[in-house]
There are 4 protein chains.
Amino acid sequence: MKAVVYKEPFEVAVEEVEDPKIQDPTDVVIRVTSTAICGSDLHMYEGRTGAEPGIVFGHENMGVVEDVGPGVATLRPGDRISLPFNVACGFCKNCENNKTGFCLTVNEGFAGGAYGYVSMGPYMGGQAEYLRVPFADFNALLLPPGDEHEADFAMLADIFPTGYHGAAMADVQPGETVAVYGAGPVGLMAAYSSIIRGASRVFVVDRVPNRLALAEKIGAIPVNFDEVNAPEHIVDQTDGEGTDKGIDAVGYQATVSGGDEEQPAIVLNNLVYTVRPTGRIGTVGLYVPSDPGAPSDEAKEGRLLFEVGTFFEKGLSMGTGQANVKSYNRSLRDLIVAGRAEPSFVVSKELPLAEAPDAYARFDKREEGYSKVILHPEAA
Amino acid sequence: MKAVVYKEPFEVAVEEVEDPKIQDPTDVVIRVTSTAICGSDLHMYEGRTGAEPGIVFGHENMGVVEDVGPGVATLRPGDRISLPFNVACGFCKNCENNKTGFCLTVNEGFAGGAYGYVSMGPYMGGQAEYLRVPFADFNALLLPPGDEHEADFAMLADIFPTGYHGAAMADVQPGETVAVYGAGPVGLMAAYSSIIRGASRVFVVDRVPNRLALAEKIGAIPVNFDEVNAPEHIVDQTDGEGTDKGIDAVGYQATVSGGDEEQPAIVLNNLVYTVRPTGRIGTVGLYVPSDPGAPSDEAKEGRLLFEVGTFFEKGLSMGTGQANVKSYNRSLRDLIVAGRAEPSFVVSKELPLAEAPDAYARFDKREEGYSKVILHPEAA
Amino acid sequence: MKAVVYKEPFEVAVEEVEDPKIQDPTDVVIRVTSTAICGSDLHMYEGRTGAEPGIVFGHENMGVVEDVGPGVATLRPGDRISLPFNVACGFCKNCENNKTGFCLTVNEGFAGGAYGYVSMGPYMGGQAEYLRVPFADFNALLLPPGDEHEADFAMLADIFPTGYHGAAMADVQPGETVAVYGAGPVGLMAAYSSIIRGASRVFVVDRVPNRLALAEKIGAIPVNFDEVNAPEHIVDQTDGEGTDKGIDAVGYQATVSGGDEEQPAIVLNNLVYTVRPTGRIGTVGLYVPSDPGAPSDEAKEGRLLFEVGTFFEKGLSMGTGQANVKSYNRSLRDLIVAGRAEPSFVVSKELPLAEAPDAYARFDKREEGYSKVILHPEAA
Amino acid sequence: MKAVVYKEPFEVAVEEVEDPKIQDPTDVVIRVTSTAICGSDLHMYEGRTGAEPGIVFGHENMGVVEDVGPGVATLRPGDRISLPFNVACGFCKNCENNKTGFCLTVNEGFAGGAYGYVSMGPYMGGQAEYLRVPFADFNALLLPPGDEHEADFAMLADIFPTGYHGAAMADVQPGETVAVYGAGPVGLMAAYSSIIRGASRVFVVDRVPNRLALAEKIGAIPVNFDEVNAPEHIVDQTDGEGTDKGIDAVGYQATVSGGDEEQPAIVLNNLVYTVRPTGRIGTVGLYVPSDPGAPSDEAKEGRLLFEVGTFFEKGLSMGTGQANVKSYNRSLRDLIVAGRAEPSFVVSKELPLAEAPDAYARFDKREEGYSKVILHPEAA
């Protein structure tokens with residue numbers, strides 16, 4: 001089959017690779033109908049991880065069941081399913097507690113697995129015509145047959161649940177004010193999720209005008225951090241009090257206002273200032289224990305200068321970590337089906353698989369129109 | 001009346017001060033029967049805060065109602081009551097949400113007030129014969145009449161609820177394993193509270209033998225960090241997995257193993273290592289935004305090198321801040337009355353008020369027998 | 001001042017009564033700007049309660065502070081405030097746990113008090129020019145000055161929080177399906193609240209066409225129980241599964257399909273059928289321990305034939321009771337201010353106080369346009 | 001193999017039946033080491049269900065893995081495991097939400113499955129030498145190897161989690177008072193679980209002296225309902241207020257004080273009286289939608305005269321249904337291993353499988369010493 005293969009830094013190719021097949025009785029193989037490129041794929045693309053050439057990318061996958069292992073109880077060929085980016089077993093202590101992002105079974109020696117990602121286990125990515133899905137009864141989310149809502153459902157594998165995870169960890173409640181730092185696809189999904197959860201006002205901080213325009217379109221309040229001091233501006237807008245909740249959708253590659261200097265803790269520290277005493281922060285922007293490209297020795301090892309004193313004095317709390325997609329994707333699917341959520345508003349372009357190399361290159365350069373690309377492998 | 005007055009660094013005196021009286025209709029004045037010295041009093045005692053000479057210390061207070069303002073609905077002279085160290089109004093947004101440690105009314109310009117503490121509002125301390133209690137219907141916790149359980153009830157003003165707050169923020173559940181760093185009075189109360197909440201195994205980390213002996217006495221597992229690498233030892237004891245939850249009962253004056261060097265973030269970072277992926281940390285040890293005596297420029301302003309990368313990768317969450325005593329003191333009182341909790345096991349000595357200066361000096365030198373002192377003013 | 005006084009069954013009059021004044025230091029007196037007539041006022045109006053002639057009605061009140069007791073800490077003359085229908089103290093065990101509908105202080109011998117309602121304590125109603133507000137710092141919810149959103153804010157005293165309470169007790173979560181029985185003002189507010197909380201589909205059951213039309217207008221799915229078997233219809237619409245959650249906004253005066261026969265448990269039992277296994281029911285429709293007009297001896301004492309067997313087999317749970325308005329009114333106010341909620345869509349008419357007798361009579365006859373009336377006393 | 005086979009009302013026999021074997025790739029077969037007789041087995045034994053002759057009883061099972069299907073990921077021959085009485089798939093909407101007692105996969109047309117029980121699906125019981133376990137990775141709880149704690153672990157399949165479920169549904173919190181109706185094995189486990197969760201005082205209501213003696217032994221307060229009016233007595237003991245929480249561990253076969261007359265709703269209604277306003281009730285005692293032996297036509301169909309009026313007026317809430325064992329058994333196992341729980345205190349006798357017929361007969365007659373029997377099949 002054809003698949004997007006990592007060749008070397010800044011180069012992927014669409015090549016023939018071996019077809020995936022049923023390996024364990026609880027597997028299925030799907031024909032991929034949509035698979036999106038994720039900002040986190042760029043970490044590998046840019047050579048800033050230990051990803052080896054040959055890896056097939058793609059962890060935002062959906063498609064139609066082709067083959068079914070003999071130990072699969074409920075899935076049948078022809079079923080249209082969405083796959084969480086996390087690969088999970090369904091029965092370990094973490095999965096049992098709905099922490100499927102930290103499965104103890106699927107990736108020996110580490111809590112958590114994923115498709116097509118370095119260090120996340122031996123699972124081929126889905127930017128390909130076919131994909132093997134382990135523990136399929138557990139990992140598959142059944143979708144309505146047909147092709148309706150395809151782009152909306154494509155967001156269920158990662159960014160919609162990931163944005164929602166930010167809002168859930170911040171425990172956004174009806175009537176509350178929320179500050180979301182970052183208006184990339186995940187930040188927009190976090191703002192959108194906060195609104196779905198009933199927030200009264202959602203501030204979204206970024207510097208890219210068309211991202212901020214999308215934020216405004218969904219009813220959020222855009223804040224351009226190149227134009228105003230974002231934390232101060234938001235605190236002012238909340239009568240000097242600060243927002244009830246905050247979401248970090250940026251992570252360690254955060255840059256300062258007015259320039260491109262990276263300050264890995266700047267968003268976290270801005271949130272400590274922005275959120276009111278007793279508030280809560282949900283962090284879905286990525287932080288890593290090892291970042292060779294970081295601006296300081298400590299940051300290279302994931303230690304950042306965090307405003308612990310103020311964090312404590314204000315009695316703040318914080319939840320972090322990658323999304324446990326299974327905790328949310330069923331509910332979010334139902335909102336899409338009922339017409340109450342259309343997360344595809346973040347999708348900038350849909351392309352055939354063959355155009356992946358070009359799409360990666362343009363996305364990496366932040367070209368407009370490539371901020372969120374869905375690939376359609378279109379296998380027969 | 002007589003009261004413990006701060007004179008200058010390392011000196012307090014028992015002096016005559018003006019009797020407190022009803023100032024607002026919702027006040028009561030109590031005759032103090034027990035008032036404990038707290039580790040946080042030493043911050044002022046040692047001159048490491050902005051506390052001015054003349055301040056009366058004491059935020060762990062209980063006693064008997066003497067005078068009742070005309071706007072008090074339920075308290076009557078003779079009622080025996082415990083007072084949370086937090087002064088709170090009962091009706092602001094934070095109080096309404098049970099965040100009484102962050103009251104927006106009682107201490108203008110700051111979220112939270114307390115008795116006898118620098119920057120915590122104009123409330124005289126209770127290491128004195130009498131004490132004025134504002135918003136008395138709200139702040140008072142009624143106790144059974146008489147003098148039974150006096151030392152247990154004295155722990156309800158601060159350290160028992162504070163320790164419990166750590167366990168509550170960590171969301172300690174029946175069957176879970178917990179690591180508590182710090183076996184001072186608050187750490188012991190955190191361990192005790194974890195056991196009350198049904199924890200299966202509670203590790204308590206300290207270096208002082210008689211503190212560790214107390215931990216063992218209540219059923220916890222002592223870990224001496226001068227003898228073993230505490231995080232590694234605990235992870236080993238949990239089959240390499242780490243504990244479900246962690247509690248920081250040390251704060252920013254943490255010291256390294258085998259010496260007295262302060263490393264303000266060492267306990268937080270040890271907890272990041274000690275707690276298993278998806279776990280939760282409750283931080284009740286104090287961190288401050290301004291610490292002139294800190295070992296680095298950043299730490300002087302409350303910015304510490306925190307293991308954000310690993311914290312995120314493990315999907316950990318953390319709650320912080322001073323205890324909202326009112327959220328817990330009613331339940332903890334009922335456990336004492338029912339004979340299921342005896343927090344007075346941490347009390348090392350009970351003394352008349354007149355011995356306060358000596359007690360402070362010895363406590364400050366960490367003399368054995370002065371780790372938790374209750375003063376009895378014994379006003380007529 | 002002028003007030004709506006109960007004279008005898010089916011008769012109220014607007015009469016001069018003594019002006020309320022500050023009785024306790026923690027009181028305020030307000031000039032009432034809006035006060036709504038509630039369906040529960042009709043119970044008294046129709047003489048089906050022990051209400052004595054002379055009682056002043058009105059528990060859905062808002063207005064502007066005129067007089068302030070000396071023990072009031074934060075309110076000032078001119079402040080515009082909303083009053084929860086529950087009178088509560090703010091410091092008893094129930095208030096402390098946000099159960100302000102069951103205050104143990106304000107109504108001796110009973111858990112819970114209210115304005116202008118039989119057996120709910122000595123609190124005059126607000127269908128009058130002025131109103132005394134006890135424990136005013138606690139009971140008042142501050143509103144933006146001016147007269148904007150007056151009709152929306154008038155819904156904050158009772159029916160918006162009461163409807164929301166149904167959704168909260170049912171724990172309605174984003175993506176869920178909900179069945180609301182009853183499309184009177186409270187049922188509509190329950191449906192509206194479910195949508196605010198992110199429900200995917202909300203079914204609303206009633207027989208009155210213009211109520212059902214309002215339900216449809218806010219995005220709910222109307223179900224006319226005179227036209228279809230409502231429980232079966234809803235179960236069919238959810239693929240035979242039943243809704244995730246259910247809300248009873250009818251209570252004990254429920255009638256059967258196609259007639260006026262009262263069957264006090266019919267809504268509860270329909271919900272047992274309608275809600276899927278493991279679901280949850282929030283009951284805000286009134287049930288009473290004593291109903292002399294009930295159709296059976298058992299029902300006269302509040303004992304109803306409830307489908308306990310099926311309720312248990314399906315593992316259902318249920319929350320009940322009058323709303324703790326203070327738990328919700330702050331958040332709901334913020335949604336109104338932010339333009340995200342407009343509960344006044346249920347208001348059918350606004351009238352001067354003088355027209356109260358006519359309005360009661362027409363409301364009691366269910367005349368169109370009188371389903372939710374706001375009175376404006378317009379004192380001063 | 002040998003198994004306990006139901007022959008006719010009041011008769012079981014130990015007979016040869018066909019050995020179970022791997023049917024699906026995700027199955028294991030265990031050698032049963034302990035299997036307990038449950039009160040609910042008596043419903044079938046007495047012929048009060050539709051159970052057909054030939055059914056093998058036994059849903060409280062544990063043992064050692066013998067055979068492992070090819071789709072099982074983690075279990076290996078020799079593993080010692082406990083099996084929840086519920087059979088569950090692990091991936092349906094209910095299992096995913098930890099409602100494993102209401103699995104939608106394992107028992108077509110019904111929410112929930114179990115071993116060896118009429119209408120609970122095609123799963124042979126474990127009162128036998130061997131047992132087939134479906135979806136084994138999910139259903140098995142791994143135990144420490146060896147035979148330590150065998151009787152304690154035998155309680156993990158049903159009654160310890162079931163009692164705990166009552167306490168969990170009542171949301172028993174540290175410091176609270178609890179009333180448990182019923183001191184059979186499940187009621188004792190509910191009281192024991194309430195204590196583990198930190199309750200201050202737990203009242204246990206029964207009439208059988210040795211049950212009440214066991215309740216007292218674990219620190220609960222026994223109340224003999226043949227000697228006192230239980231609800232009034234408990235309300236008196238809580239200063240006229242009522243308990244914070246209540247647990248029904250009796251169910252529909254409840255009898256009145258001083259006699260054997262069945263009143264199916266008496267325990268529920270006593271709880272409505274016993275529990276304080278705003279309280280919560282957890283119901284684990286069985287109620288059924290069809291009971292041909294019930295004392296009234298309505299009760300035969302599961303409709304009981306429930307005190308809805310008072311339930312609502314007091315703002316009570318209630319959770320019901322069979323336990324989702326998987327939600328609790330891991331934590332409870334850890335408490336046993338840590339020495340903090342010894343649920344085997346309820347075990348009255350341990351017998352070889354061959355004595356099952358005699359044990360059933362004596363248990364059915366409520367002979368002392370047969371209240372909780374563990375059978376040991378002792379297959380080679």
# chains A, B, ... in the order shown; residues from 1 in each chain; ligands from 1

call {"tool": "closest_atom_pairs", "arguments": {"of": "chain C", "to": "chain A", "cutoff": "9 Å", "atoms": "only C-alpha atoms", "output": "CSV"}}
result
residue,atom,partner,partner_atom,distance
C:Gln173,CA,A:Arg197,CA,8.3
C:Pro174,CA,A:Ser331,CA,6.5
C:Gly175,CA,A:Ser331,CA,4.4
C:Glu176,CA,A:Ser331,CA,6.8
C:Ile195,CA,A:Gly198,CA,8.8
C:Ile196,CA,A:Gly198,CA,5.5
C:Arg197,CA,A:Arg197,CA,5.6
C:Gly198,CA,A:Ile196,CA,5.5
C:Ala199,CA,A:Leu335,CA,7.8
C:Ser200,CA,A:Leu335,CA,5.1
C:Arg201,CA,A:Ala338,CA,6.7
C:Arg330,CA,A:Gly175,CA,8.0
C:Ser331,CA,A:Gly175,CA,4.4
C:Leu332,CA,A:Gly175,CA,6.1
C:Arg333,CA,A:Gly175,CA,7.8
C:Asp334,CA,A:Gly175,CA,5.5
C:Leu335,CA,A:Gly175,CA,5.1
C:Ile336,CA,A:Ser200,CA,8.4
C:Val337,CA,A:Ser200,CA,8.4
C:Ala338,CA,A:Ser200,CA,5.8
C:Gly339,CA,A:Ser200,CA,8.0
C:Arg340,CA,A:Ser200,CA,6.5

call {"tool": "select_by_dssp", "arguments": {"residues": "stretch 57-232 of chain D", "states": "strand (DSSP E)", "output": "PyMOL selection string"}}
result
chain D and resi 60-68+80-83+86-87+113-114+130-133+141-142+177-181+201-206+221-224

call {"tool": "atom_distance", "arguments": {"atom1": "atom CA of B:Gly187", "atom2": "atom CA of B:Val272"}}
result
17.7 Å

call {"tool": "atom_distance", "arguments": {"atom1": "atom CA of B:Gly69", "atom2": "atom CA of B:Ala136"}}
result
8.9 Å

call {"tool": "residues_around", "arguments": {"residues": "A:Glu129", "least_positions_apart": "3", "cutoff": "9 Å", "atoms": "only C-alpha atoms", "output": "count of residues only"}}
result
15

call {"tool": "residues_around", "arguments": {"residues": "stretch 294-299 of chain A", "least_positions_apart": "4", "cutoff": "12 Å", "atoms": "only C-alpha atoms", "output": "PDB file with C-alpha atoms, in the first residue's frame"}}
result
ATOM      1  CA  ARG A  48      13.871  17.403  16.620  1.00  0.00           C
ATOM      2  CA  TYR A 252       7.266  24.602  25.487  1.00  0.00           C
ATOM      3  CA  GLN A 253       7.895  26.263  22.141  1.00  0.00           C
ATOM      4  CA  ALA A 254       6.207  29.458  23.275  1.00  0.00           C
ATOM      5  CA  THR A 255       7.653  32.691  22.035  1.00  0.00           C
ATOM      6  CA  GLU A 261      12.652  34.197  21.113  1.00  0.00           C
ATOM      7  CA  GLU A 262      11.494  31.003  22.792  1.00  0.00           C
ATOM      8  CA  GLN A 263      10.691  31.161  26.498  1.00  0.00           C
ATOM      9  CA  PRO A 264       9.456  27.717  27.369  1.00  0.00           C
ATOM     10  CA  ALA A 265       7.585  28.689  30.571  1.00  0.00           C
ATOM     11  CA  TYR A 287       6.120  19.968  27.567  1.00  0.00           C
ATOM     12  CA  VAL A 288       8.893  17.424  27.277  1.00  0.00           C
ATOM     13  CA  PRO A 289      11.540  16.053  29.635  1.00  0.00           C
ATOM     14  CA  SER A 290      14.179  16.266  26.931  1.00  0.00           C
ATOM     15  CA  ARG A 303      13.104  22.009  34.045  1.00  0.00           C
ATOM     16  CA  LEU A 304      11.547  25.422  33.644  1.00  0.00           C
ATOM     17  CA  LEU A 305      11.452  28.517  35.832  1.00  0.00           C
ATOM     18  CA  PHE A 306       7.851  28.309  36.947  1.00  0.00           C
TER      19      PHE A 306
ATOM     20  CA  LEU B 304      11.659  27.760  40.817  1.00  0.00           C
ATOM     21  CA  LEU B 305      13.154  25.211  38.422  1.00  0.00           C
ATOM     22  CA  PHE B 306      10.257  22.804  38.275  1.00  0.00           C
ATOM     23  CA  GLU B 307      10.263  19.550  36.290  1.00  0.00           C
ATOM     24  CA  VAL B 308       7.509  20.684  33.944  1.00  0.00           C
ATOM     25  CA  GLY B 309       8.515  18.294  31.178  1.00  0.00           C
ATOM     26  CA  THR B 310       8.183  15.166  33.264  1.00  0.00           C
TER      27      THR B 310
END

call {"tool": "residues_around", "arguments": {"residues": "D:Leu142", "least_positions_apart": "5", "cutoff": "7 Å", "atoms": "only C-alpha atoms", "output": "VMD selection string"}}
result
chain D and resid 80 to 82

call {"tool": "write_last_selection", "arguments": {"atoms": "all heavy atoms", "output": "mmCIF file, in the first residue's frame"}}
result
data_model
loop_
_atom_site.group_PDB
_atom_site.id
_atom_site.type_symbol
_atom_site.label_atom_id
_atom_site.label_comp_id
_atom_site.auth_asym_id
_atom_site.auth_seq_id
_atom_site.Cartn_x
_atom_site.Cartn_y
_atom_site.Cartn_z
ATOM 1 N N ARG D 80 -3.245 -16.143 39.596
ATOM 2 C CA ARG D 80 -4.361 -16.251 40.548
ATOM 3 C C ARG D 80 -5.239 -15.014 40.366
ATOM 4 O O ARG D 80 -4.741 -13.896 40.443
ATOM 5 C CB ARG D 80 -3.776 -16.287 41.950
ATOM 6 C CG ARG D 80 -4.768 -16.513 43.081
ATOM 7 C CD ARG D 80 -4.008 -16.270 44.378
ATOM 8 N NE ARG D 80 -4.763 -16.610 45.574
ATOM 9 C CZ ARG D 80 -4.498 -16.106 46.772
ATOM 10 N NH1 ARG D 80 -3.494 -15.252 46.934
ATOM 11 N NH2 ARG D 80 -5.227 -16.453 47.811
ATOM 12 N N ILE D 81 -6.494 -15.253 40.108
ATOM 13 C CA ILE D 81 -7.363 -14.118 39.794
ATOM 14 C C ILE D 81 -8.701 -14.175 40.523
ATOM 15 O O ILE D 81 -9.191 -15.243 40.892
ATOM 16 C CB ILE D 81 -7.639 -14.006 38.266
ATOM 17 C CG1 ILE D 81 -8.336 -15.254 37.735
ATOM 18 C CG2 ILE D 81 -6.355 -13.740 37.500
ATOM 19 C CD1 ILE D 81 -8.694 -15.166 36.248
ATOM 20 N N SER D 82 -9.263 -13.000 40.727
ATOM 21 C CA SER D 82 -10.629 -12.862 41.242
ATOM 22 C C SER D 82 -11.520 -12.414 40.093
ATOM 23 O O SER D 82 -11.104 -11.612 39.251
ATOM 24 C CB SER D 82 -10.656 -11.808 42.353
ATOM 25 O OG SER D 82 -12.000 -11.435 42.648
#

call {"tool": "closest_residue", "arguments": {"among": "A:Gly240, A:Val118, A:Lys349, A:Val14", "to": "A:Gly47", "atoms": "only C-alpha atoms"}}
result
A:Val118

call {"tool": "residues_around", "arguments": {"residues": "D:Thr105", "least_positions_apart": "5", "cutoff": "10 Å", "atoms": "only C-alpha atoms", "output": "ChimeraX atom specification"}}
result
/A:73-74 /D:87-95,110-113

call {"tool": "residues_around", "arguments": {"residues": "C:Ile247", "least_positions_apart": "2", "cutoff": "6 Å", "atoms": "only C-alpha atoms", "output": "list in words"}}
result
Gly166, Val180, Ile281, Gly282 and Thr283 of chain C

call {"tool": "atom_distance", "arguments": {"atom1": "atom CA of C:His43", "atom2": "atom CA of C:Pro84"}}
result
19.7 Å

call {"tool": "select_by_dssp", "arguments": {"residues": "stretch 100-203 of chain A", "states": "alpha helix (DSSP H)", "output": "PyMOL selection string"}}
result
chain A and resi 136-139+150-154+159-169+185-196

call {"tool": "decode", "arguments": {"residues": "stretch 362-377 of chain D", "atoms": "N, CA and C atoms", "output": "tab-separated table (two decimals), in the first residue's frame"}}
result
chain	number	residue	atom	x	y	z
D	362	ARG	N	-29.07	-25.66	54.75
D	362	ARG	CA	-28.93	-25.03	56.06
D	362	ARG	C	-28.96	-23.51	55.94
D	363	PHE	N	-28.31	-23.00	54.91
D	363	PHE	CA	-28.31	-21.56	54.69
D	363	PHE	C	-29.75	-21.09	54.47
D	364	ASP	N	-30.51	-21.89	53.68
D	364	ASP	CA	-31.89	-21.51	53.39
D	364	ASP	C	-32.74	-21.47	54.67
D	365	LYS	N	-32.36	-22.29	55.63
D	365	LYS	CA	-33.08	-22.28	56.93
D	365	LYS	C	-32.47	-21.28	57.89
D	366	ARG	N	-31.52	-20.48	57.41
D	366	ARG	CA	-30.83	-19.50	58.26
D	366	ARG	C	-30.20	-20.14	59.49
D	367	GLU	N	-29.68	-21.33	59.34
D	367	GLU	CA	-28.97	-21.96	60.46
D	367	GLU	C	-27.71	-21.19	60.77
D	368	GLU	N	-27.44	-21.06	62.03
D	368	GLU	CA	-26.24	-20.34	62.43
D	368	GLU	C	-25.01	-21.07	61.87
D	369	GLY	N	-24.05	-20.28	61.45
D	369	GLY	CA	-22.83	-20.86	60.89
D	369	GLY	C	-22.90	-21.03	59.39
D	370	TYR	N	-24.04	-20.77	58.79
D	370	TYR	CA	-24.16	-20.93	57.34
D	370	TYR	C	-24.50	-19.62	56.64
D	371	SER	N	-24.28	-18.50	57.33
D	371	SER	CA	-24.68	-17.22	56.73
D	371	SER	C	-23.77	-16.84	55.56
D	372	LYS	N	-22.52	-17.27	55.61
D	372	LYS	CA	-21.64	-17.00	54.47
D	372	LYS	C	-20.66	-18.16	54.33
D	373	VAL	N	-20.93	-18.99	53.34
D	373	VAL	CA	-20.14	-20.22	53.15
D	373	VAL	C	-19.27	-20.08	51.90
D	374	ILE	N	-18.00	-20.42	52.06
D	374	ILE	CA	-17.11	-20.54	50.90
D	374	ILE	C	-16.93	-22.02	50.58
D	375	LEU	N	-17.10	-22.35	49.31
D	375	LEU	CA	-16.85	-23.73	48.85
D	375	LEU	C	-15.47	-23.78	48.19
D	376	HIS	N	-14.74	-24.88	48.47
D	376	HIS	CA	-13.44	-25.08	47.84
D	376	HIS	C	-13.49	-26.31	46.95
D	377	PRO	N	-13.59	-26.13	45.65
D	377	PRO	CA	-13.72	-27.27	44.74
D	377	PRO	C	-12.51	-28.21	44.77
